[in-house]
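K.L.:
Mind having a look at this structure? Questions to follow.
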Amino acid sequence: MNEFPEGGSLVVAQPDGSAPTPTAGRPVPVWSEWLGTVVRLGLAVVWGWAGLAKISDPAEAAQAVRAYEILPEGLVKPIGYGLPFLELALALLLLVGLGVRLVAGVSALLLLAFIAGIASAWARGISIDCGCFGGGGHVDESQTKYLQEILRDTGFLLLAGWLLWRPRTRLSVDRWLAS
């Protein structure tokens with residue numbers, strides 16, 4: 001069935017069951033939307049876990065930010081205290097599927113900042129726990145896990161990248177609003 005949604009572009013329902021898309025683009029396969037849903041919910045769990053781990057002890061979160069020795073002292077507390085709330089907001093928005101592409105973009109930028117911070121600490125020989133999921137601060141050199149942390153965050157960045165590329169997912173507010 002052909003429809004003209006607001007905006008005037010022709011939308012064609014696909015015979016293979018894939019979602020209708022503007023005729024200018026290729027059809028979005030149904031499996032892609034389900035994979036996107038898994039990715040979206042997985043990234044929501046990551047942000048939720050990170051935010052909840054830090055929100056109960058904002059002073060410890062600020063100490064983790066301070067340990068990177070990057071930001072001026074005047075920004076340490078606002079970043080340390082505010083970051084858990086940002087992470088929880090991203091988790092909630094991803095969980096319900098609202099503004100998926102925008103949230104994925106913010107997630108990607110935040111993950112790039114985390115990767116850069118970890119790489120910077122590693123390059124400067126600072127021995128810290130990243131504080132990504134609570135804790136953080138200076139540790140013995142033998143306790144650092146920079147490569148694993150960078151690889152983990154790169155994996156999360158790939159998830160955000162998928163959602164930037166294909167933000168349309170099942171079971172989402174975005175999908176409900178579009179219909």
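Chain labels follow the order of the structure tokens: the first chain is A, the next B, and so on; residue numbering restarts at 1 in every chain, and ligands are counted from 1 in their shown order.
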Give me every alpha helix (DSSP H) residue in range 50-107 of chain A, going by DSSP on the backbone, as a ChimeraX atom specification.
P.N.:
/A:50-55,58-67,73-96,100-107
K.L.:
I'd like the neighbourhood of Ile55 in chain A as number ranges by chain, where a residue qualifies if any of its atoms comes within 8 Å (using only C-alpha atoms), though same-chain residues fewer than 5 positions away should be ignored.
P.N.:
A: 61, 81, 84-85
K.L.:
Name the residues in contact with Ala67 in chain A at a cut-off of 10 Å, using only C-alpha atoms, excluding same-chain residues fewer than 6 positions from it; report them as a ChimeraX atom specification.
P.N.:
/A:76,121,126-131,136-139
K.L.:
Could you tell me how far CA of Val173 in chain A lies from CA of Val39 in chain A, in Å and to one decimal?
P.N.:
15.6 Å
K.L.:
Among range 5-165 of chain A, which residues carry a DSSP assignment of strand (DSSP E), reported as a PyMOL selection string?
P.N.:
chain A and resi 11-12+21-22+128-129+137-138
K.L.:
Export, as a PDB file, in the first residue's frame, the selected residues with N, CA and C atoms.
P.N.:
ATOM      1  N   VAL A  11       5.900   6.538   0.459  1.00  0.00           N
ATOM      2  CA  VAL A  11       6.347   5.431   1.294  1.00  0.00           C
ATOM      3  C   VAL A  11       5.706   4.169   0.754  1.00  0.00           C
ATOM      4  N   VAL A  12       6.518   3.129   0.566  1.00  0.00           N
ATOM      5  CA  VAL A  12       6.027   1.890  -0.018  1.00  0.00           C
ATOM      6  C   VAL A  12       6.227   0.763   0.977  1.00  0.00           C
ATOM      7  N   THR A  21       9.574   2.351   3.896  1.00  0.00           N
ATOM      8  CA  THR A  21      10.600   3.381   3.894  1.00  0.00           C
ATOM      9  C   THR A  21      10.361   4.295   2.722  1.00  0.00           C
ATOM     10  N   PRO A  22      10.912   5.489   2.770  1.00  0.00           N
ATOM     11  CA  PRO A  22      10.799   6.349   1.597  1.00  0.00           C
ATOM     12  C   PRO A  22      11.414   5.653   0.384  1.00  0.00           C
ATOM     13  N   ILE A 128      45.432   4.837  37.149  1.00  0.00           N
ATOM     14  CA  ILE A 128      44.091   5.033  37.701  1.00  0.00           C
ATOM     15  C   ILE A 128      43.166   3.896  37.277  1.00  0.00           C
ATOM     16  N   ASP A 129      42.106   3.745  38.058  1.00  0.00           N
ATOM     17  CA  ASP A 129      40.951   2.942  37.655  1.00  0.00           C
ATOM     18  C   ASP A 129      40.036   3.931  36.947  1.00  0.00           C
ATOM     19  N   GLY A 137      39.844   6.508  40.538  1.00  0.00           N
ATOM     20  CA  GLY A 137      40.908   7.140  41.290  1.00  0.00           C
ATOM     21  C   GLY A 137      42.220   6.420  41.083  1.00  0.00           C
ATOM     22  N   HIS A 138      43.216   6.849  41.835  1.00  0.00           N
ATOM     23  CA  HIS A 138      44.560   6.301  41.688  1.00  0.00           C
ATOM     24  C   HIS A 138      44.625   4.873  42.215  1.00  0.00           C
TER      25      HIS A 138
END
K.L.:
Please list as a PyMOL selection string every residue within 10 Å of range 109-116 of chain A, counting only C-alpha atoms and excluding residues in the same chain fewer than 2 positions away.
P.N.:
chain A and resi 83+86-87+103-107+118-122+130+132+146-147+149-158+160
K.L.:
Keeping N, CA, C and O atoms for every residue in the selection just given, could you write it to a file as a short mmCIF file (atom, residue, chain, number, x, y, z; two decimals), in the first residue's frame?
P.N.:
data_model
loop_
_atom_site.label_atom_id
_atom_site.label_comp_id
_atom_site.auth_asym_id
_atom_site.auth_seq_id
_atom_site.Cartn_x
_atom_site.Cartn_y
_atom_site.Cartn_z
N LEU A 83 27.65 13.68 35.75
CA LEU A 83 27.78 12.57 34.81
C LEU A 83 26.83 11.41 35.09
O LEU A 83 26.21 10.89 34.16
N LEU A 86 23.46 12.28 33.67
CA LEU A 86 23.46 12.20 32.21
C LEU A 86 23.39 10.76 31.75
O LEU A 86 22.61 10.41 30.85
N GLU A 87 24.18 9.89 32.36
CA GLU A 87 24.18 8.48 31.99
C GLU A 87 22.81 7.85 32.24
O GLU A 87 22.32 7.08 31.40
N VAL A 103 20.26 10.44 20.95
CA VAL A 103 20.85 9.82 22.13
C VAL A 103 22.08 9.01 21.74
O VAL A 103 23.10 9.01 22.45
N ALA A 104 22.01 8.33 20.60
CA ALA A 104 23.17 7.58 20.11
C ALA A 104 24.33 8.53 19.81
O ALA A 104 25.49 8.21 20.10
N GLY A 105 24.03 9.69 19.25
CA GLY A 105 25.07 10.68 18.98
C GLY A 105 25.72 11.19 20.26
O GLY A 105 26.96 11.30 20.34
N VAL A 106 24.91 11.51 21.26
CA VAL A 106 25.45 11.96 22.54
C VAL A 106 26.26 10.83 23.18
O VAL A 106 27.35 11.06 23.72
N SER A 107 25.75 9.61 23.07
CA SER A 107 26.48 8.45 23.60
C SER A 107 27.83 8.31 22.92
O SER A 107 28.85 8.08 23.59
N ILE A 118 40.97 7.89 28.92
CA ILE A 118 41.71 6.69 29.32
C ILE A 118 43.04 6.63 28.59
O ILE A 118 44.09 6.36 29.18
N ALA A 119 43.01 6.88 27.28
CA ALA A 119 44.25 6.87 26.48
C ALA A 119 45.23 7.93 26.98
O ALA A 119 46.44 7.69 27.05
N SER A 120 44.72 9.10 27.36
CA SER A 120 45.56 10.17 27.87
C SER A 120 46.23 9.77 29.18
O SER A 120 47.43 9.99 29.37
N ALA A 121 45.46 9.19 30.08
CA ALA A 121 46.03 8.75 31.36
C ALA A 121 47.10 7.68 31.12
O ALA A 121 48.17 7.73 31.74
N TRP A 122 46.82 6.77 30.22
CA TRP A 122 47.76 5.70 29.89
C TRP A 122 49.05 6.30 29.31
O TRP A 122 50.15 5.96 29.73
N CYS A 130 39.48 3.57 35.82
CA CYS A 130 38.73 4.54 35.01
C CYS A 130 37.52 5.12 35.74
O CYS A 130 37.09 6.22 35.44
N CYS A 132 34.55 4.06 35.44
CA CYS A 132 33.43 3.98 34.51
C CYS A 132 32.17 3.38 35.15
O CYS A 132 31.06 3.78 34.82
N TYR A 146 43.99 -0.38 31.03
CA TYR A 146 43.69 0.61 30.00
C TYR A 146 43.25 -0.02 28.68
O TYR A 146 42.27 0.42 28.09
N LEU A 147 43.98 -1.02 28.21
CA LEU A 147 43.62 -1.61 26.91
C LEU A 147 42.23 -2.22 26.97
O LEU A 147 41.41 -1.99 26.06
N GLU A 149 39.77 -1.42 28.94
CA GLU A 149 38.78 -0.36 29.07
C GLU A 149 38.55 0.34 27.73
O GLU A 149 37.41 0.65 27.36
N ILE A 150 39.63 0.58 26.98
CA ILE A 150 39.49 1.21 25.67
C ILE A 150 38.75 0.29 24.71
O ILE A 150 37.86 0.74 23.97
N LEU A 151 39.08 -0.99 24.71
CA LEU A 151 38.39 -1.95 23.83
C LEU A 151 36.91 -2.07 24.21
O LEU A 151 36.05 -2.12 23.33
N ARG A 152 36.62 -2.11 25.50
CA ARG A 152 35.23 -2.18 25.95
C ARG A 152 34.46 -0.95 25.48
O ARG A 152 33.37 -1.07 24.89
N ASP A 153 35.02 0.23 25.71
CA ASP A 153 34.34 1.45 25.30
C ASP A 153 34.23 1.57 23.77
O ASP A 153 33.27 2.13 23.26
N THR A 154 35.20 1.02 23.06
CA THR A 154 35.12 0.99 21.60
C THR A 154 33.96 0.10 21.17
O THR A 154 33.24 0.43 20.21
N GLY A 155 33.76 -1.00 21.86
CA GLY A 155 32.60 -1.87 21.58
C GLY A 155 31.29 -1.12 21.81
O GLY A 155 30.37 -1.19 20.99
N PHE A 156 31.22 -0.38 22.91
CA PHE A 156 30.01 0.42 23.17
C PHE A 156 29.85 1.50 22.11
O PHE A 156 28.73 1.82 21.70
N LEU A 157 30.96 2.07 21.65
CA LEU A 157 30.93 3.07 20.59
C LEU A 157 30.36 2.47 19.30
O LEU A 157 29.60 3.13 18.58
N LEU A 158 30.72 1.24 19.01
CA LEU A 158 30.17 0.56 17.83
C LEU A 158 28.65 0.39 17.96
O LEU A 158 27.92 0.53 16.97
N ALA A 160 26.65 2.41 19.64
CA ALA A 160 26.11 3.75 19.39
C ALA A 160 26.14 4.07 17.89
O ALA A 160 25.21 4.67 17.35
#
K.L.:
So which one's closest to Leu93 in chain A, A:Pro72, A:Gly117, A:Gly125, A:Gly48? Using only C-alpha atoms, please.
P.N.:
A:Gly48
K.L.:
Using CA of Val30 in chain A and CA of Leu43 in chain A as the two end points, give the distance in Å to one decimal.
P.N.:
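The value is 20.0 Å.
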K.L.:
So the first atom is CA of Gly80 in chain A and the second is CA of Gly51 in chain A; what is the distance between them in Å, to one decimal place?
P.N.:
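CA of Gly51 in chain A lies at a distance of 10.9 Å from CA of Gly80 in chain A.
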K.L.:
Which is closest to Gln63 in chain A among A:Gly97, A:Gly134, A:Pro167, A:Gly161, if we use only C-alpha atoms?
P.N.:
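The closest residue to Gln63 in chain A is A:Gly134.
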K.L.:
Taking into account only C-alpha atoms, which residue in the set A:Leu94, A:Ile70, A:Leu75, A:Gly82 is nearest to Val46 in chain A?
P.N.:
A:Leu94
K.L.:
Kindly indicate which residue among A:Ala178, A:Leu171, A:Ala53, A:Leu163 lies nearest to Gly135 in chain A, using only C-alpha atoms for the distances.
P.N.:
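The answer is A:Ala53, which sits nearest to Gly135 in chain A.
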K.L.:
Using only C-alpha atoms for the distances, tell me which of A:Val38, A:Leu98, A:Leu52, A:Ala59 is nearest to Phe133 in chain A.
P.N.:
A:Leu52
K.L.:
Looking at only C-alpha atoms, which of A:Ala91, A:Val96, A:Thr169, A:Gln143 is the one that sits closest to Trp49 in chain A?
P.N.:
A:Ala91
